[in-house]
Structure formats: structure tokens, C-alpha cells
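S.K.: Below is the file run08.txt, with compact mmCIF, C-alpha atoms.
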# COMPACT_ATOMS: atom_id res chain seq x y z
CA MET G 14 0.00 0.00 0.00
CA PRO G 15 1.53 3.37 -0.94
CA ALA G 16 2.41 5.81 1.80
CA SER G 17 -0.02 8.63 2.56
CA PRO G 18 0.81 12.05 1.06
CA GLY G 19 3.35 13.94 3.14
CA THR G 20 4.67 10.81 4.84
CA GLU G 21 7.67 8.58 4.17
CA GLU G 22 7.88 4.85 4.55
CA VAL G 23 10.23 3.83 7.32
CA ALA G 24 12.62 1.06 6.34
CA PRO G 25 12.23 -2.07 8.45
CA PRO G 26 14.77 -2.00 11.28
CA THR G 27 17.57 -4.51 11.32
CA LEU G 28 19.85 -5.72 14.07
CA THR G 29 23.59 -5.78 13.72
CA LEU G 30 25.61 -8.89 14.49
CA LYS G 31 26.82 -7.22 17.67
CA GLU G 32 23.25 -6.49 18.80
CA ARG G 33 22.21 -10.07 18.11
CA LEU G 34 25.17 -11.45 20.08
CA VAL G 35 24.50 -9.17 23.04
CA ALA G 36 20.77 -9.96 22.91
CA TRP G 37 21.54 -13.68 22.89
CA TRP G 38 24.05 -13.24 25.73
CA GLU G 39 21.56 -11.36 27.91
CA GLY G 40 18.60 -13.56 27.04
CA TYR G 41 16.67 -10.81 25.27
CA ASP G 42 13.61 -11.54 23.18
CA LEU G 43 14.75 -10.47 19.72
CA SER G 44 11.20 -9.86 18.54
CA GLY G 45 10.68 -7.45 21.43
CA LEU G 46 13.95 -5.69 20.63
CA MET G 47 12.91 -5.35 17.00
CA GLN G 48 9.54 -3.91 18.07
CA ARG G 49 11.23 -1.27 20.21
CA ARG G 50 13.44 -0.42 17.24
CA ARG G 51 10.34 -0.05 15.02
CA ASP G 52 8.66 2.18 17.60
CA ALA G 53 11.76 4.37 17.81
CA ALA G 54 12.03 4.59 14.03
CA ALA G 55 8.41 5.73 13.81
CA ASP G 56 9.25 8.65 16.13
CA GLY G 57 11.98 9.86 13.78
CA PRO G 58 15.60 9.12 12.97
CA ASP G 59 16.97 11.01 16.00
CA ALA G 60 14.87 8.90 18.36
CA ALA G 61 16.03 5.69 16.67
CA ALA G 62 19.60 6.76 17.20
CA GLY G 63 19.01 7.58 20.84
CA GLY G 64 18.93 11.31 20.12
CA VAL G 65 22.55 11.36 18.93
CA SER G 66 23.59 12.66 15.55
CA SER G 67 24.74 9.91 13.21
CA GLY G 68 27.56 12.06 11.85
CA PRO G 69 31.13 11.15 12.82
CA ALA G 70 32.40 12.76 15.98
CA GLU G 71 35.31 15.13 15.76
CA GLY G 72 38.59 14.24 17.43
CA LYS G 73 42.12 13.06 16.74
CA HIS G 74 42.09 9.58 18.25
CA LEU G 75 38.79 8.19 17.07
CA ASN G 76 37.99 5.09 15.11
CA ARG G 77 36.54 5.18 11.60
CA LYS G 78 33.03 5.44 13.05
CA GLY G 79 33.88 8.54 15.04
CA LYS G 80 34.08 6.79 18.40
CA PRO G 81 37.09 6.62 20.75
CA LEU G 82 39.53 3.91 19.70
CA TRP G 83 40.21 3.08 23.33
CA THR G 84 38.12 3.37 26.47
CA ALA G 85 38.71 2.16 30.02
CA THR G 86 36.28 -0.70 29.37
CA ARG G 87 38.07 -1.82 26.21
CA VAL G 88 41.41 -1.70 28.03
CA GLN G 89 39.99 -3.88 30.79
CA VAL G 90 38.74 -6.41 28.26
CA SER G 91 42.04 -6.43 26.33
CA GLU G 92 44.08 -7.06 29.45
CA LYS G 93 41.76 -9.92 30.39
CA ILE G 94 42.45 -11.49 26.97
CA TRP G 95 46.18 -10.76 26.57
CA GLY G 96 47.49 -10.23 30.09
CA GLU G 97 48.17 -7.22 32.28
CA GLY G 98 49.78 -4.40 30.33
CA PHE G 99 49.07 -5.91 26.90
CA SER G 100 46.47 -5.07 24.26
CA THR G 101 47.74 -7.48 21.57
CA PRO G 102 48.80 -11.17 21.43
CA GLY G 103 51.99 -12.23 23.16
CA GLY G 104 52.34 -11.32 26.81
CA THR G 105 55.12 -11.33 29.37
CA ASP G 106 56.10 -14.95 28.64
CA PHE G 107 56.38 -14.29 24.90
CA ILE G 108 58.51 -11.13 24.89
CA PRO G 109 61.84 -12.73 25.99
CA SER G 110 61.89 -15.17 23.05
CA MET G 111 60.95 -12.38 20.67
CA VAL G 112 63.66 -9.94 21.77
CA LYS G 113 66.42 -12.53 22.21
CA PRO G 114 68.41 -11.30 19.16
CA LEU G 115 68.84 -7.88 20.81
CA GLY G 116 70.97 -9.25 23.66
CA LEU G 117 69.50 -6.70 26.07
CA ASN G 118 71.45 -5.67 29.16
CA PRO G 119 71.44 -2.85 31.76
CA ALA G 120 73.75 -0.67 29.66
CA MET G 121 71.33 -0.49 26.72
CA SER G 122 68.78 2.15 25.77
CA VAL G 123 65.69 1.03 23.83
CA LEU G 124 62.66 2.62 22.18
CA ASP G 125 59.41 0.64 22.03
CA ILE G 126 57.38 2.10 19.13
CA GLY G 127 53.65 1.52 19.47
CA ALA G 128 54.03 0.54 23.11
CA GLY G 129 50.33 0.34 23.91
CA LEU G 130 49.90 -0.18 27.65
CA GLY G 131 53.65 -0.70 28.02
CA GLY G 132 53.68 -4.41 28.80
CA ALA G 133 56.64 -5.15 26.53
CA THR G 134 58.37 -1.93 27.64
CA ARG G 135 58.28 -2.98 31.28
CA THR G 136 59.15 -6.62 30.53
CA MET G 137 62.39 -5.58 28.79
CA ALA G 138 63.27 -3.29 31.70
CA GLN G 139 62.42 -5.79 34.43
CA GLN G 140 63.99 -8.90 32.91
CA TYR G 141 67.12 -7.38 31.37
CA GLY G 142 67.65 -4.09 33.22
CA ALA G 143 67.53 -2.13 29.94
CA TRP G 144 66.34 1.49 29.88
CA VAL G 145 63.25 1.42 27.69
CA THR G 146 61.03 4.30 26.57
CA GLY G 147 57.59 3.35 25.27
CA LEU G 148 56.15 5.58 22.54
CA GLU G 149 52.40 5.27 21.93
CA HIS G 150 50.26 7.16 19.43
CA ASN G 151 46.98 6.84 21.35
CA PRO G 152 46.79 9.17 24.40
CA VAL G 153 44.49 6.86 26.40
CA LEU G 154 46.90 3.92 26.10
CA ALA G 155 49.91 6.17 26.73
CA GLU G 156 48.42 7.61 29.92
CA LEU G 157 47.36 4.22 31.26
CA GLY G 158 50.71 2.72 30.24
CA MET G 159 52.59 5.40 32.17
CA PHE G 160 50.33 4.85 35.18
CA ARG G 161 51.20 1.14 35.11
CA SER G 162 54.93 1.94 34.89
CA GLN G 163 54.67 4.29 37.87
CA LYS G 164 52.73 1.67 39.81
CA SER G 165 55.48 -0.88 39.04
CA GLY G 166 58.23 1.51 40.19
CA LEU G 167 59.50 1.86 36.61
CA ALA G 168 58.58 5.46 35.85
CA ARG G 169 62.23 6.31 35.04
CA GLN G 170 63.38 3.00 33.57
CA ALA G 171 60.29 2.20 31.51
CA PRO G 172 58.22 5.35 30.92
CA VAL G 173 55.41 5.40 28.35
CA GLN G 174 54.67 8.64 26.54
CA GLN G 175 52.37 9.80 23.77
CA MET G 176 53.90 10.57 20.36
CA ASP G 177 52.55 11.12 16.85
CA LEU G 178 54.23 8.16 15.15
CA ASP G 179 53.45 9.49 11.67
CA GLY G 180 55.97 12.24 12.41
CA PHE G 181 58.45 10.13 14.40
CA LYS G 182 61.72 11.85 15.35
CA TRP G 183 64.01 11.04 18.28
CA THR G 184 66.99 13.28 18.89
CA LYS G 185 68.88 11.14 21.42
CA ARG G 186 70.33 8.05 19.73
CA VAL G 187 69.59 4.61 21.21
CA ASP G 188 71.02 1.09 21.12
CA ALA G 189 67.86 -0.64 19.91
CA ILE G 190 64.37 0.01 18.59
CA PHE G 191 61.55 -2.49 19.07
CA SER G 192 57.98 -2.60 17.78
CA LYS G 193 55.20 -5.14 17.99
CA GLU G 194 52.41 -5.14 15.34
CA ALA G 195 52.09 -1.36 15.37
CA LEU G 196 53.57 -0.08 12.12
CA PHE G 197 50.80 -1.32 9.79
CA THR G 198 48.58 1.59 10.84
CA ILE G 199 51.25 4.20 10.02
CA ARG G 200 50.66 5.86 6.66
CA ASN G 201 54.08 7.51 6.30
CA LYS G 202 56.27 4.46 6.81
CA GLU G 203 59.10 5.86 4.69
CA GLY G 204 59.35 8.84 7.04
CA LEU G 205 59.07 6.57 10.07
CA ILE G 206 61.95 4.37 8.90
CA ASP G 207 64.02 7.48 8.17
CA GLY G 208 63.44 8.51 11.77
CA ILE G 209 64.29 5.04 13.06
CA GLU G 210 67.57 4.91 11.15
CA ALA G 211 68.53 8.36 12.42
CA ALA G 212 67.71 7.41 16.02
CA LEU G 213 69.92 4.30 16.05
CA LYS G 214 73.50 4.45 17.23
CA PRO G 215 76.20 2.88 15.04
CA ARG G 216 75.73 -0.90 15.43
CA GLY G 217 72.21 -0.16 16.68
CA GLN G 218 69.54 -2.84 16.27
CA LEU G 219 65.99 -2.79 14.89
CA LEU G 220 63.58 -5.59 15.79
CA PHE G 221 59.89 -5.49 14.94
CA THR G 222 56.89 -7.60 14.04
CA ASP G 223 54.12 -6.33 11.79
CA TYR G 224 51.17 -7.30 9.65
CA VAL G 225 52.21 -7.55 6.00
CA VAL G 226 50.48 -8.43 2.74
CA ASP G 227 51.36 -11.61 0.84
CA PRO G 228 50.25 -10.89 -2.77
CA ALA G 229 50.64 -14.55 -3.75
CA ALA G 230 48.04 -15.63 -1.16
CA LEU G 231 45.73 -12.64 -1.46
CA LYS G 232 41.99 -13.31 -1.47
CA GLN G 233 40.85 -9.82 -2.30
CA ARG G 234 37.27 -10.01 -1.04
CA GLU G 235 38.14 -11.44 2.38
CA PHE G 236 41.18 -9.17 2.69
CA ASP G 237 39.12 -6.07 1.90
CA SER G 238 36.54 -7.13 4.49
CA TRP G 239 39.29 -7.13 7.13
CA ALA G 240 40.77 -3.82 5.95
CA ASN G 241 37.39 -2.09 5.85
CA HIS G 242 36.49 -3.15 9.39
CA GLU G 243 39.76 -2.34 11.18
CA PRO G 244 39.15 0.33 13.85
CA ALA G 245 42.06 2.41 12.50
CA GLU G 246 42.70 2.46 8.76
CA PRO G 247 45.46 -0.06 7.93
CA HIS G 248 48.34 0.65 5.56
CA PRO G 249 50.17 -2.70 5.42
CA TRP G 250 53.31 -3.17 3.34
CA THR G 251 54.65 -6.31 1.74
CA VAL G 252 57.76 -8.06 3.01
CA GLU G 253 59.55 -6.81 -0.11
CA GLN G 254 58.62 -3.19 0.63
CA TYR G 255 60.06 -3.45 4.14
CA ALA G 256 63.20 -5.18 2.86
CA THR G 257 63.73 -2.50 0.22
CA ALA G 258 63.17 0.36 2.68
CA LEU G 259 65.59 -1.10 5.24
CA THR G 260 68.25 -1.88 2.64
CA GLN G 261 68.01 1.60 1.12
CA ARG G 262 68.91 3.01 4.53
CA ASN G 263 71.94 0.74 4.78
CA LEU G 264 70.37 -1.43 7.49
CA ASP G 265 71.68 -5.01 7.37
CA ILE G 266 68.70 -7.41 7.50
CA ARG G 267 69.50 -10.52 9.55
CA ILE G 268 66.04 -12.06 10.14
CA THR G 269 62.90 -12.11 7.98
CA GLU G 270 60.60 -14.65 9.60
CA ASP G 271 56.94 -15.58 9.10
CA ASN G 272 55.30 -15.78 12.53
CA SER G 273 51.72 -16.04 11.25
CA ASP G 274 51.01 -19.54 12.56
CA ILE G 275 52.21 -18.63 16.07
CA HIS G 276 50.15 -15.44 15.97
CA ARG G 277 47.02 -17.29 14.85
CA SER G 278 47.32 -20.04 17.47
CA THR G 279 47.95 -17.45 20.21
CA ILE G 280 44.76 -15.60 19.26
CA LEU G 281 42.64 -18.75 19.12
CA ALA G 282 43.94 -20.02 22.46
CA ALA G 283 43.29 -16.67 24.11
CA ILE G 284 39.73 -16.46 22.79
CA GLN G 285 39.04 -20.03 23.94
CA SER G 286 40.35 -19.14 27.40
CA LEU G 287 38.18 -16.01 27.45
CA VAL G 288 35.04 -18.00 26.62
CA LYS G 289 35.72 -20.35 29.56
CA HIS G 290 36.29 -17.35 31.83
CA LEU G 291 33.02 -15.70 30.77
CA GLU G 292 31.10 -18.74 31.93
CA THR G 293 32.16 -17.97 35.50
CA VAL G 294 31.52 -14.21 35.75
CA SER G 295 28.75 -11.67 35.38
CA MET G 296 29.30 -8.36 33.57
CA ASP G 297 27.49 -5.11 32.93
CA ARG G 298 26.12 -4.39 29.47
CA ASP G 299 28.96 -2.05 28.42
CA THR G 300 31.54 -4.69 29.24
CA LYS G 301 29.60 -7.33 27.32
CA ILE G 302 29.49 -5.09 24.25
CA ALA G 303 33.22 -4.42 24.55
CA VAL G 304 33.91 -8.16 24.76
CA VAL G 305 31.83 -8.84 21.66
CA GLU G 306 33.58 -6.06 19.71
CA GLU G 307 37.04 -7.29 20.73
CA VAL G 308 36.27 -10.90 19.83
CA GLU G 309 34.90 -9.77 16.46
CA LEU G 310 38.09 -7.76 15.84
CA TRP G 311 40.37 -10.72 16.45
CA ALA G 312 38.12 -13.15 14.59
CA ARG G 313 38.40 -10.90 11.52
CA ARG G 314 42.18 -10.80 11.87
CA VAL G 315 42.36 -14.60 12.07
CA ALA G 316 40.23 -14.79 8.91
CA ALA G 317 42.55 -12.28 7.22
CA LEU G 318 45.54 -14.49 8.05
CA ASN G 319 43.95 -16.99 5.68
CA ALA G 320 43.36 -14.36 3.01
CA GLY G 321 46.77 -12.83 2.36
CA LEU G 322 47.60 -11.12 5.65
CA ARG G 323 50.73 -12.36 7.41
CA VAL G 324 52.73 -11.51 10.55
CA TYR G 325 56.48 -11.18 10.03
CA ARG G 326 59.41 -10.55 12.34
CA PHE G 327 62.25 -8.40 11.03
CA TYR G 328 65.69 -7.91 12.61
CA ALA G 329 68.27 -5.54 11.16
CA MET G 330 71.48 -3.84 12.28
CA LYS G 331 72.93 -0.43 11.53
CA PRO G 332 76.57 -0.53 10.44
CA ALA G 333 79.40 0.99 12.45
CA ASP G 334 80.51 4.49 11.56
CA VAL G 335 83.13 4.49 8.86
CA GLY G 336 85.68 7.13 9.79
Let me see whether you can do it: turn the structure in this file into C-alpha cells.

M.R.:
Amino acid sequence: MPASPGTEEVAPPTLTLKERLVAWWEGYDLSGLMQRRRDAAADGPDAAAGGVSSGPAEGKHLNRKGKPLWTATRVQVSEKIWGEGFSTPGGTDFIPSMVKPLGLNPAMSVLDIGAGLGGATRTMAQQYGAWVTGLEHNPVLAELGMFRSQKSGLARQAPVQQMDLDGFKWTKRVDAIFSKEALFTIRNKEGLIDGIEAALKPRGQLLFTDYVVDPAALKQREFDSWANHEPAEPHPWTVEQYATALTQRNLDIRITEDNSDIHRSTILAAIQSLVKHLETVSMDRDTKIAVVEEVELWARRVAALNAGLRVYRFYAMKPADVG
């Protein structure tokens, strides 16, 4: 039946996957939830949206939907999945094997680029006595990371500070630079690597892991689905692009290693452990939504690892000064 003059037909409401998961989790009647959505839609688009404009919010550290990339609730959920001080796979037990090539000791100065909550920063300081500065683009993670370093008595030896990594420059040269799956979100990687090379002392070391693209295994549709749903826009390079960029800056590449299988199994084990944990606790609605969003994020990344995304570890050394 056509709509009456002066009125518009309201499209039938739909529920997102997240809403369906939360409704299932909380035992909601989906038909009742749909009816409330229809009632809200009939009152106008602002009512359906809870009275909030659908336009993207303004701000520097927001996701692609205009919402904060990190909140206290998301941090809490991430630490429950990955361990205290970590927001990505590989916690305190994993870092020592990863950084072994650096030969860290108390005389060494290190930068941790993309430090997040500073878990790796503090692990390197605590286990090896190195002096490590964590650099984190997101101000929420940087502030909470510094709080955790202060709480651990490592405010001087393992500070975490906010820095715009797209414009990375470090004036005091260091013995080593470390990074863990953080560079793929940096658009200006050429400038970043210029800054890294300049910050390393002669015989300085660079060790990092990152998401890279494998063109030979690329499944474009699945890969694009991952890229389009990442909270921050990804700009992944290929292994060849990293190798070329490092070689052009006279950095001697010693390790180029595919760690994708380890990364995938770590994610799956952590999610399985989380599911078992959730069976024993009760949570408020905001926390449940944050859990669902985080699980969706990592499920998409696992799927992308089967569609041309890989995780590689790179280790390179800067040559001695030739005088």
C-alpha cells in the first residue's frame, strides 16, 4: 500500500551482528527488541539513534566510526584477553623469546614504538635491566601505560609517553628500537623508517613484528573485508617493501621470519580461554558489548591471516661508523 501524502515509509529496522550477540548473551527476546526499534524509528531518525547525531564525531584519536579507539572498558577487556599491560597477542612470557636477538642488558637504551599499555616496555626493563622508553600514538593507552609503569616503580626506567608516530623523530640516539604489530597503521612508513635509522646508534639494532600483505596468497574479497572493518585504517606493506626500505637506509637485515602460525594459534587459544572465563563471571552491558567487539576484531584478523595477511618478524642492524 503506498504511503499517505506527506509521509515517508520507514525502512524495516535490522539488528547488527553485535546487537544479536548481546541480545543472545543477555537472554533478550529479539522480537521485542525489533519492536522497540520499530517504535523508535516511527518517532523519527533522531529517536532511533538515541537522540545522537549519526555524523562522525570530531577528534584526533577516534575510530573510523567517530568513536574513541580506546576506552577504560576496552582496556579492561584487552588485558583480560592478553594479560596485564598488553592489548595485543603475546604477553610477558612471549617477549623474551621475541627480543632474544637484541641481547639486552642494563647498559642499553631502547625505544618501544607503538608501546600500547607498556607491557613489553616494562618486561624488557624488568627482565634485562635495559632502559626502555615506550612511545604510543593513542593518548588513552599512553596515559594508562605510564600509570602502570609508575605503579610498578619503573617510571624512570620504563616510561610510556604519547607521540605522533606518523611524524616520528628522536633526537637522542639509542642502542635498539623495538615494535610489535604497530607499524601497519602508520601511513608515512618511509618517514618513520628514516626517523628510526637516524635514532639508532652505530651498530644499533631494529627488531619489529608487523602485519604484511602476501600478494601470492591474497583473497581480495576477504582481505578487503578485514581492511574495511579495522578500527584504524590499515596501511600494510609487503615483506619486499620493508626489505627495500631497510636496505636503502643501509640497514643489514638478519632475520625475515613468518610468525603467522604462532600469531594465529595465540589468538585462538586466548579467545578459547576467554570464553571459559566468561562462563564464571557476570558483567554489565557495556563490558559485554566491549567483549563482543574485541572478539569480532580478532576473529576478523584470524580470517585475514587466511586471506593474504601475514605476521612477520624483522631484525636488522645499523653498520658501524666508517671514519

S.K.: Considering all atoms listed in the file, return as a PyMOL selection string whatever protein or nucleic-acid residues lie within 12 Å of Thr101 (chain G), sequence-local ones (same chain, fewer than 6 positions apart) excluded.

M.R.: chain G and resi 88+90-95+107-108+127-133+192-195+222-223+276-277+279-280+283+307+310-311+314

S.K.: Could you tell me how far CA of Pro228 (chain G) sits from CA of Phe181 (chain G), in Å to one decimal place?

M.R.: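 Value for the CA of Phe181 (chain G)-CA of Pro228 (chain G) distance: 28.4 Å.
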
S.K.: Using all atoms listed in the file for the distances, tell me which of G:Val173, G:Leu287, G:Ala120, G:Leu322 is nearest to Asp227 (chain G).

M.R.: G:Leu322

S.K.: From the set G:His74, G:Asp188, G:Gly116, G:Met121, which residue has the shortest atom-to-atom contact distance to Glu149 (chain G), counting all atoms listed in the file?

M.R.: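 Answer, going by the shortest atom-to-atom distance: G:His74.
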
S.K.: Tell me which of G:Leu219, G:Ala316, G:Ala168, G:Ile199 sits closest to Asp125 (chain G), counting only C-alpha atoms.

M.R.: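 Of G:Leu219, G:Ala316, G:Ala168, G:Ile199, the one nearest Asp125 (chain G) is G:Leu219, counting only C-alpha atoms.
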
S.K.: Restricting the calculation to all atoms listed in the file, which member of G:Pro152, G:Pro109, G:Pro249, G:Gly158 is positioned closest to Asp177 (chain G)?

M.R.: G:Pro152

S.K.: Ranking G:Gly79, G:Gly321, G:Gly208, G:Gly142 by minimum distance to Leu178 (chain G) and counting only C-alpha atoms, which one comes first?

M.R.: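 Of the candidates, the smallest distance to Leu178 (chain G) is held by G:Gly208.
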
S.K.: List the neighbours of Trp183 (chain G) out to 12 Å using all atoms listed in the file; skip same-chain residues closer than 6 positions along the sequence, and give me the result as a PyMOL selection string.

M.R.: chain G and resi 123-126+146+148+176-177+190+205-214

S.K.: Tell me which protein, DNA and RNA residues are within 12 Å of Ala230 (chain G), counting only C-alpha atoms, leaving out same-chain ones fewer than 6 positions away, and put them as number ranges by chain.

M.R.: G: 236, 251, 317-323

S.K.: Using the selection just defined, write its residues with C-alpha atoms as a PDB file, in the coordinates of the input.

M.R.:
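Wrote out-v7.pdb, looks like this:
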ATOM      1  CA  PHE G 236      41.180  -9.170   2.690  1.00  0.00           C
ATOM      2  CA  THR G 251      54.650  -6.310   1.740  1.00  0.00           C
ATOM      3  CA  ALA G 317      42.550 -12.280   7.220  1.00  0.00           C
ATOM      4  CA  LEU G 318      45.540 -14.490   8.050  1.00  0.00           C
ATOM      5  CA  ASN G 319      43.950 -16.990   5.680  1.00  0.00           C
ATOM      6  CA  ALA G 320      43.360 -14.360   3.010  1.00  0.00           C
ATOM      7  CA  GLY G 321      46.770 -12.830   2.360  1.00  0.00           C
ATOM      8  CA  LEU G 322      47.600 -11.120   5.650  1.00  0.00           C
ATOM      9  CA  ARG G 323      50.730 -12.360   7.410  1.00  0.00           C
TER      10      ARG G 323
END

S.K.: In Å, how far is it from CA of Gly96 (chain G) to CA of Lys78 (chain G)?

M.R.: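 That distance, rounded to one decimal, is 27.3 Å.
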